[in-house]
Amino acid sequence: MLKTEPYVLNMGPQHPSTHGVFRMELLLDGETVVDMRPIMGYLHRGIEKLSEERSYTQCIPFTDRMDYLSSMTGNLSLCLAIEKLAGIEVSERAKYLRVIMAELQRIASHLFGVGTFIDDCGASGTPFLYMLREREKLIDLFEMASGARLTYSYIRPGGVMRDVPDEFWPAVRRFVAEMPRYIDEYEQLLTGNEILRARTIGVGILPREQAINASASGPVLRGSGVKWDLRKADPYCVYDRFDFDIPTGKQGDAFDRYFVRVQEMRQSVRILEQAIRDIPSGDPLPKVALFFHPPAGDAYGRSETPRGELGFYLVSDGSIAPYRFKIRSPSFINITALCDMVVGWRIADAVAITGSIDIVMGEVDR
Amino acid sequence: MDWRDFYIYHLGKVNESVRSWLSAHAAGWTAYVVPAILGAILLLVFLLPSQLMVVWIERRLIARFQIRRGPNRVGPWGLLQSIVDAIKLLSKEAIMPRYADKWPYLAAPVVGFIPAILVYAVIPFGPDLAFADLNIGLLYLVAIGSYSVISVFMAGWASSNKYALISAMRSVAVLVSYEIPNVLALVGVILLAGSLSLTDIVRAQSSGSFTWFITVQPLAFLIFFITASAEVNRTPVDLIEAEQEIVAGHHTEYSGMKFGLFYVAEYTSILAACAVMSTLFFGGWHGIPWLERYIPPWIWFIAKIYIFFAVFIWTRATLPRLRIDQLMAFAWKFLIPLSLLNILVTAVEVLLIDNTTLAPAVWMTLLAVVNYALAALLIVAWSRAFRMPRRRSADIPEVRRLGALPAETPSY
């Protein structure tokens, strides 16, 4: 028997499939992963510290730049925290607009997440670009509402930046009507694909207990079969008025995480249908000044972003800026469970499993 | 007007005329050398523009699959894009890693390119239009075709890059295992044609005696298609240069025209695989009977090559990639047994053909129906019996025992 020994492969930060600047230090035995260490920090910008120098409203653009694939939900999480801290009331129409934007954003982000995941499984970009086709429509919708295509800063403490224009409603209705057909199209191409199933079913299993212990959230947690979604568990905005289900996976493998995302897109369409139907008229603009002094104290605001629970813990000393600005980012916490998932699998699986967690490095490193 | 009287229809006659003229009017050796050079030039005239066209077609077609437009800026419909890319590659700096093994590193692209071109020597583009009509043409083709693994291994080893080394290991594993079903799939055709010469195989498929072999060898064609795509590195089995996993595989560390030569070699062997498929299974230079007198055979043949290339692009645009262990299992558990069964069935059929009194048309139709049904049955039965290996990671405690990363991350 030939004597062999494991070797270290440094995958990233420059690598085609590390979602930006994620770095994996892999110890490999041939192609099998023996040990793995995630190395973060290449995109660290010090957002927490920067925010402590700025007024609460000025912190919102930072949340755009954390999870740049779902800026709206980032805005929403921070605004929920600020409103809790300062006791700001939000009008009914603004709450509905927030739900509409968050759900549109969830679809957009899942489209991107599933698309890159399939690319990580080795598809040459076709499913990804089909998904970008629909994401483009969503970005057009966001552009109508906020004027920006990626960094919206649309949701503000006390409401939203401005009411959506008139042409938004026919466009969003058309999108909601078309979307289920497009999701069917993706599923036709992917869900039954024998190669994709062989590559993902049973691969990278995160057992239920381990997912909970790792404090995972979002599709990673739900893929492991835990029915936990902040929209149901701790309803914010007006989520308690809508009728929707929480899709969960069976065994917590890469395929389950993919499938949960696809199902969540369908549920988001359901929420959107109801929200568009029920939205009241009124003034969604914030009733507070741009600069305000919340009372001394602390508050934790959270919402269910496409990647999981994004929470902001704010401590106020009564001044114009937060005294402490702590971010609980779902990508960062989900990626810590990666090591347990990839050991024993091949290099190709390590890439696919990383893709199935759907990380955004802007949020991991902050 | 009957085109068949003109040289443009029978390009092969040009060579023949030159040869006879030279043997009558010049020194004896020129009759061998001049037609050989002429043939080599003719091959390059086909191959080099084809390279550029094929890259353009692939990019445009893949763009259509992906609802994009593809290159459309340089020249009409972006036709000049490949030329511009080639110029760019030629003008780029040739970087060599400091710890590269110099001679293998420099030789690898050339070593990869030569066998890719040599394959074309035996491919008949039309009647009398093969550069060398060897009587062991198919054997030559298989032998030369498998040389590409040496280039990949040289490049992977010499680059002193771990991704390239993984790719080299994969190439040896994959190409060696896929060579077996690849060759076994050809045996059915050889049995039916009764010859190893590619020209004879095409003649056996002329509408006079036999039809195209795809009608009686569906299983062999399918196996050959899959193995050929593994050998020329096309998705879903392009593990040697799996971009998402090992960056660019063996040519990660190559730049400039050295990198370009890998690409040229790859596309040359893809075209060769297409040519072999059309020769063996789709009647070579034969066309649709009532159109055959208007369109020269070599155009039929080239058209078939391009159609097969489009099929390769189609699979590439659609499918994700298999994992290395799945790919190997697929070759050994699925393709090899099926190709062996195919040889058995074909051998029995050839025995029956020799002893039948039925009219060939009736007999061939019968065989076609039987073979298609059998192929479908075998594929379904085999895939039921041996499912793709799923949920099978290595034994984790065992793997953990092999080692662990040092606790401290070295600072870079």
# chains A, B, ... in the order shown; residues from 1 in each chain; ligands from 1
>>> closest_atom_pairs(of="chain A", to="chain B", cutoff="6 Å", atoms="only C-alpha atoms", output="Markdown table")
| residue | atom | partner | partner_atom | distance |
| --- | --- | --- | --- | --- |
| A:Pro16 | CA | B:Gln244 | CA | 5.7 |
| A:Ser17 | CA | B:Gln244 | CA | 5.3 |
| A:Val34 | CA | B:Val399 | CA | 5.5 |
| A:Asp35 | CA | B:Ala404 | CA | 5.5 |
| A:Asp120 | CA | B:Gln244 | CA | 5.8 |
| A:Cys121 | CA | B:Pro320 | CA | 5.8 |
| A:Gly122 | CA | B:Arg321 | CA | 4.5 |
| A:Ala123 | CA | B:Pro320 | CA | 3.8 |
| A:Ser124 | CA | B:Ala317 | CA | 5.8 |
| A:Thr126 | CA | B:Gln66 | CA | 4.9 |
| A:Leu129 | CA | B:Gln66 | CA | 5.9 |
| A:Ala198 | CA | B:Arg390 | CA | 5.9 |
| A:Gly202 | CA | B:Arg391 | CA | 4.2 |
| A:Val203 | CA | B:Arg391 | CA | 5.9 |
| A:Gly344 | CA | B:Ala394 | CA | 4.8 |
| A:Trp345 | CA | B:Ser393 | CA | 5.3 |
| A:Ala348 | CA | B:Glu245 | CA | 5.6 |
>>> write_last_selection(atoms="N, CA and C atoms", output="PDB file, in the first residue's frame")
ATOM      1  N   PRO A  16     -13.733  30.729  -8.316  1.00  0.00           N
ATOM      2  CA  PRO A  16     -14.990  31.000  -9.035  1.00  0.00           C
ATOM      3  C   PRO A  16     -16.250  30.781  -8.210  1.00  0.00           C
ATOM      4  N   SER A  17     -16.198  29.963  -7.183  1.00  0.00           N
ATOM      5  CA  SER A  17     -17.473  29.632  -6.538  1.00  0.00           C
ATOM      6  C   SER A  17     -17.418  29.827  -5.038  1.00  0.00           C
ATOM      7  N   VAL A  34     -11.115  16.119   4.636  1.00  0.00           N
ATOM      8  CA  VAL A  34     -10.817  15.574   5.954  1.00  0.00           C
ATOM      9  C   VAL A  34     -11.133  16.600   7.033  1.00  0.00           C
ATOM     10  N   ASP A  35     -10.773  17.830   6.777  1.00  0.00           N
ATOM     11  CA  ASP A  35     -11.037  18.888   7.741  1.00  0.00           C
ATOM     12  C   ASP A  35     -11.239  20.168   6.952  1.00  0.00           C
ATOM     13  N   ASP A 120     -23.124  26.262  -8.761  1.00  0.00           N
ATOM     14  CA  ASP A 120     -22.100  25.580  -7.977  1.00  0.00           C
ATOM     15  C   ASP A 120     -22.147  24.080  -8.200  1.00  0.00           C
ATOM     16  N   CYS A 121     -23.323  23.571  -8.561  1.00  0.00           N
ATOM     17  CA  CYS A 121     -23.421  22.141  -8.875  1.00  0.00           C
ATOM     18  C   CYS A 121     -22.905  21.863 -10.272  1.00  0.00           C
ATOM     19  N   GLY A 122     -22.463  22.876 -10.990  1.00  0.00           N
ATOM     20  CA  GLY A 122     -21.802  22.628 -12.255  1.00  0.00           C
ATOM     21  C   GLY A 122     -22.599  22.964 -13.491  1.00  0.00           C
ATOM     22  N   ALA A 123     -23.820  23.492 -13.338  1.00  0.00           N
ATOM     23  CA  ALA A 123     -24.550  23.904 -14.536  1.00  0.00           C
ATOM     24  C   ALA A 123     -23.848  25.134 -15.119  1.00  0.00           C
ATOM     25  N   SER A 124     -23.919  25.270 -16.429  1.00  0.00           N
ATOM     26  CA  SER A 124     -23.133  26.333 -17.050  1.00  0.00           C
ATOM     27  C   SER A 124     -23.909  27.635 -17.136  1.00  0.00           C
ATOM     28  N   THR A 126     -27.195  28.330 -17.279  1.00  0.00           N
ATOM     29  CA  THR A 126     -28.515  28.481 -17.891  1.00  0.00           C
ATOM     30  C   THR A 126     -29.627  28.697 -16.867  1.00  0.00           C
ATOM     31  N   LEU A 129     -29.326  32.173 -15.332  1.00  0.00           N
ATOM     32  CA  LEU A 129     -29.738  33.318 -16.143  1.00  0.00           C
ATOM     33  C   LEU A 129     -31.240  33.351 -16.341  1.00  0.00           C
ATOM     34  N   ALA A 198     -28.833  13.465  -7.826  1.00  0.00           N
ATOM     35  CA  ALA A 198     -27.704  12.629  -7.401  1.00  0.00           C
ATOM     36  C   ALA A 198     -26.654  13.469  -6.698  1.00  0.00           C
ATOM     37  N   GLY A 202     -29.112  13.834   0.069  1.00  0.00           N
ATOM     38  CA  GLY A 202     -28.265  13.145   1.038  1.00  0.00           C
ATOM     39  C   GLY A 202     -26.893  13.763   1.219  1.00  0.00           C
ATOM     40  N   VAL A 203     -26.623  14.831   0.506  1.00  0.00           N
ATOM     41  CA  VAL A 203     -25.302  15.452   0.563  1.00  0.00           C
ATOM     42  C   VAL A 203     -25.329  16.612   1.550  1.00  0.00           C
ATOM     43  N   GLY A 344     -15.920  14.578   4.991  1.00  0.00           N
ATOM     44  CA  GLY A 344     -16.288  13.273   4.458  1.00  0.00           C
ATOM     45  C   GLY A 344     -16.789  13.323   3.034  1.00  0.00           C
ATOM     46  N   TRP A 345     -17.063  14.513   2.518  1.00  0.00           N
ATOM     47  CA  TRP A 345     -17.532  14.630   1.144  1.00  0.00           C
ATOM     48  C   TRP A 345     -16.388  15.078   0.246  1.00  0.00           C
ATOM     49  N   ALA A 348     -16.116  18.671  -4.833  1.00  0.00           N
ATOM     50  CA  ALA A 348     -17.283  19.155  -5.563  1.00  0.00           C
ATOM     51  C   ALA A 348     -18.463  19.356  -4.619  1.00  0.00           C
TER      52      ALA A 348
END
>>> residues_around(residues="region 72-89 of chain A", least_positions_apart="3", cutoff="8 Å", atoms="only C-alpha atoms", output="count of residues only")
38
>>> residues_around(residues="Ile302 (chain B)", least_positions_apart="4", cutoff="9 Å", atoms="only C-alpha atoms", output="PyMOL selection string")
chain B and resi 125+275+285+297-298+306-307
>>> atom_distance(atom1="CA of Pro97 (chain B)", atom2="CA of Gly249 (chain B)")
15.2 Å
>>> select_by_dssp(residues="region 152-253 of chain B", states="alpha helix (DSSP H)", output="PyMOL selection string")
chain B and resi 152-158+162-193+198-204+218-231+243-246
>>> atom_distance(atom1="CA of Gly282 (chain A)", atom2="CA of Ser55 (chain A)")
27.6 Å
>>> residues_around(residues="Glu253 (chain B)", least_positions_apart="3", cutoff="12 Å", atoms="only C-alpha atoms", output="PyMOL selection string")
chain B and resi 94-101+105-106+108-109+155-165+246-250+256+258-259+262
>>> decode(residues="region 49-84 of chain A", atoms="N, CA and C atoms", output="mmCIF file, in the first residue's frame")
data_model
loop_
_atom_site.group_PDB
_atom_site.id
_atom_site.type_symbol
_atom_site.label_atom_id
_atom_site.label_comp_id
_atom_site.auth_asym_id
_atom_site.auth_seq_id
_atom_site.Cartn_x
_atom_site.Cartn_y
_atom_site.Cartn_z
ATOM 1 N N LYS A 49 -19.050 49.570 13.978
ATOM 2 C CA LYS A 49 -18.404 50.744 14.586
ATOM 3 C C LYS A 49 -18.790 52.025 13.846
ATOM 4 N N LEU A 50 -18.845 51.914 12.511
ATOM 5 C CA LEU A 50 -19.219 53.094 11.727
ATOM 6 C C LEU A 50 -20.599 53.602 12.126
ATOM 7 N N SER A 51 -21.504 52.646 12.423
ATOM 8 C CA SER A 51 -22.867 53.048 12.733
ATOM 9 C C SER A 51 -22.936 53.819 14.034
ATOM 10 N N GLU A 52 -21.989 53.558 14.942
ATOM 11 C CA GLU A 52 -22.029 54.250 16.232
ATOM 12 C C GLU A 52 -21.659 55.716 16.099
ATOM 13 N N GLU A 53 -21.184 56.105 14.936
ATOM 14 C CA GLU A 53 -20.822 57.499 14.704
ATOM 15 C C GLU A 53 -21.919 58.258 13.978
ATOM 16 N N ARG A 54 -23.001 57.553 13.638
ATOM 17 C CA ARG A 54 -23.998 58.170 12.774
ATOM 18 C C ARG A 54 -25.373 58.147 13.423
ATOM 19 N N SER A 55 -26.246 59.018 12.925
ATOM 20 C CA SER A 55 -27.615 59.018 13.446
ATOM 21 C C SER A 55 -28.318 57.757 12.966
ATOM 22 N N TYR A 56 -29.468 57.464 13.601
ATOM 23 C CA TYR A 56 -30.131 56.199 13.306
ATOM 24 C C TYR A 56 -30.512 56.098 11.838
ATOM 25 N N THR A 57 -31.023 57.187 11.273
ATOM 26 C CA THR A 57 -31.422 57.151 9.874
ATOM 27 C C THR A 57 -30.212 56.961 8.967
ATOM 28 N N GLN A 58 -29.110 57.525 9.361
ATOM 29 C CA GLN A 58 -27.908 57.409 8.529
ATOM 30 C C GLN A 58 -27.333 55.997 8.520
ATOM 31 N N CYS A 59 -27.787 55.162 9.459
ATOM 32 C CA CYS A 59 -27.292 53.779 9.489
ATOM 33 C C CYS A 59 -27.937 52.922 8.416
ATOM 34 N N ILE A 60 -29.070 53.388 7.881
ATOM 35 C CA ILE A 60 -29.824 52.522 6.971
ATOM 36 C C ILE A 60 -29.025 52.140 5.720
ATOM 37 N N PRO A 61 -28.325 53.073 5.080
ATOM 38 C CA PRO A 61 -27.552 52.644 3.899
ATOM 39 C C PRO A 61 -26.540 51.551 4.187
ATOM 40 N N PHE A 62 -26.060 51.428 5.428
ATOM 41 C CA PHE A 62 -25.141 50.331 5.743
ATOM 42 C C PHE A 62 -25.823 48.982 5.569
ATOM 43 N N THR A 63 -27.102 48.925 5.937
ATOM 44 C CA THR A 63 -27.793 47.638 5.816
ATOM 45 C C THR A 63 -27.957 47.245 4.354
ATOM 46 N N ASP A 64 -28.040 48.230 3.440
ATOM 47 C CA ASP A 64 -28.053 47.896 2.012
ATOM 48 C C ASP A 64 -26.783 47.176 1.621
ATOM 49 N N ARG A 65 -25.701 47.598 2.235
ATOM 50 C CA ARG A 65 -24.390 47.095 1.814
ATOM 51 C C ARG A 65 -23.956 45.870 2.601
ATOM 52 N N MET A 66 -24.783 45.433 3.512
ATOM 53 C CA MET A 66 -24.476 44.165 4.180
ATOM 54 C C MET A 66 -24.944 43.011 3.306
ATOM 55 N N ASP A 67 -26.241 42.811 3.258
ATOM 56 C CA ASP A 67 -26.780 41.762 2.402
ATOM 57 C C ASP A 67 -27.277 42.442 1.138
ATOM 58 N N TYR A 68 -26.369 42.605 0.194
ATOM 59 C CA TYR A 68 -26.723 43.415 -0.982
ATOM 60 C C TYR A 68 -27.692 42.697 -1.900
ATOM 61 N N LEU A 69 -27.962 41.421 -1.651
ATOM 62 C CA LEU A 69 -28.967 40.740 -2.472
ATOM 63 C C LEU A 69 -30.357 40.877 -1.876
ATOM 64 N N SER A 70 -30.455 41.319 -0.634
ATOM 65 C CA SER A 70 -31.783 41.594 -0.099
ATOM 66 C C SER A 70 -31.704 42.818 0.805
ATOM 67 N N SER A 71 -31.512 43.958 0.167
ATOM 68 C CA SER A 71 -31.383 45.194 0.921
ATOM 69 C C SER A 71 -32.666 45.556 1.660
ATOM 70 N N MET A 72 -33.800 45.264 1.030
ATOM 71 C CA MET A 72 -35.072 45.671 1.640
ATOM 72 C C MET A 72 -35.255 45.038 3.010
ATOM 73 N N THR A 73 -34.961 43.743 3.119
ATOM 74 C CA THR A 73 -35.154 43.096 4.415
ATOM 75 C C THR A 73 -34.116 43.580 5.417
ATOM 76 N N GLY A 74 -32.942 43.966 4.932
ATOM 77 C CA GLY A 74 -31.955 44.556 5.826
ATOM 78 C C GLY A 74 -32.451 45.873 6.386
ATOM 79 N N ASN A 75 -32.970 46.710 5.491
ATOM 80 C CA ASN A 75 -33.578 47.980 5.928
ATOM 81 C C ASN A 75 -34.664 47.713 6.962
ATOM 82 N N LEU A 76 -35.504 46.718 6.650
ATOM 83 C CA LEU A 76 -36.662 46.447 7.494
ATOM 84 C C LEU A 76 -36.217 46.034 8.900
ATOM 85 N N SER A 77 -35.226 45.143 8.971
ATOM 86 C CA SER A 77 -34.783 44.685 10.286
ATOM 87 C C SER A 77 -34.298 45.856 11.130
ATOM 88 N N LEU A 78 -33.492 46.716 10.545
ATOM 89 C CA LEU A 78 -32.950 47.835 11.298
ATOM 90 C C LEU A 78 -34.074 48.785 11.723
ATOM 91 N N CYS A 79 -35.018 49.046 10.791
ATOM 92 C CA CYS A 79 -36.101 49.965 11.128
ATOM 93 C C CYS A 79 -36.964 49.411 12.242
ATOM 94 N N LEU A 80 -37.175 48.074 12.241
ATOM 95 C CA LEU A 80 -37.956 47.475 13.326
ATOM 96 C C LEU A 80 -37.251 47.705 14.657
ATOM 97 N N ALA A 81 -35.920 47.558 14.656
ATOM 98 C CA ALA A 81 -35.165 47.766 15.890
ATOM 99 C C ALA A 81 -35.243 49.224 16.331
ATOM 100 N N ILE A 82 -35.063 50.139 15.378
ATOM 101 C CA ILE A 82 -35.084 51.562 15.731
ATOM 102 C C ILE A 82 -36.457 51.953 16.253
ATOM 103 N N GLU A 83 -37.511 51.464 15.591
ATOM 104 C CA GLU A 83 -38.865 51.815 16.019
ATOM 105 C C GLU A 83 -39.156 51.288 17.414
ATOM 106 N N LYS A 84 -38.639 50.100 17.707
ATOM 107 C CA LYS A 84 -38.830 49.529 19.030
ATOM 108 C C LYS A 84 -38.096 50.379 20.080
#
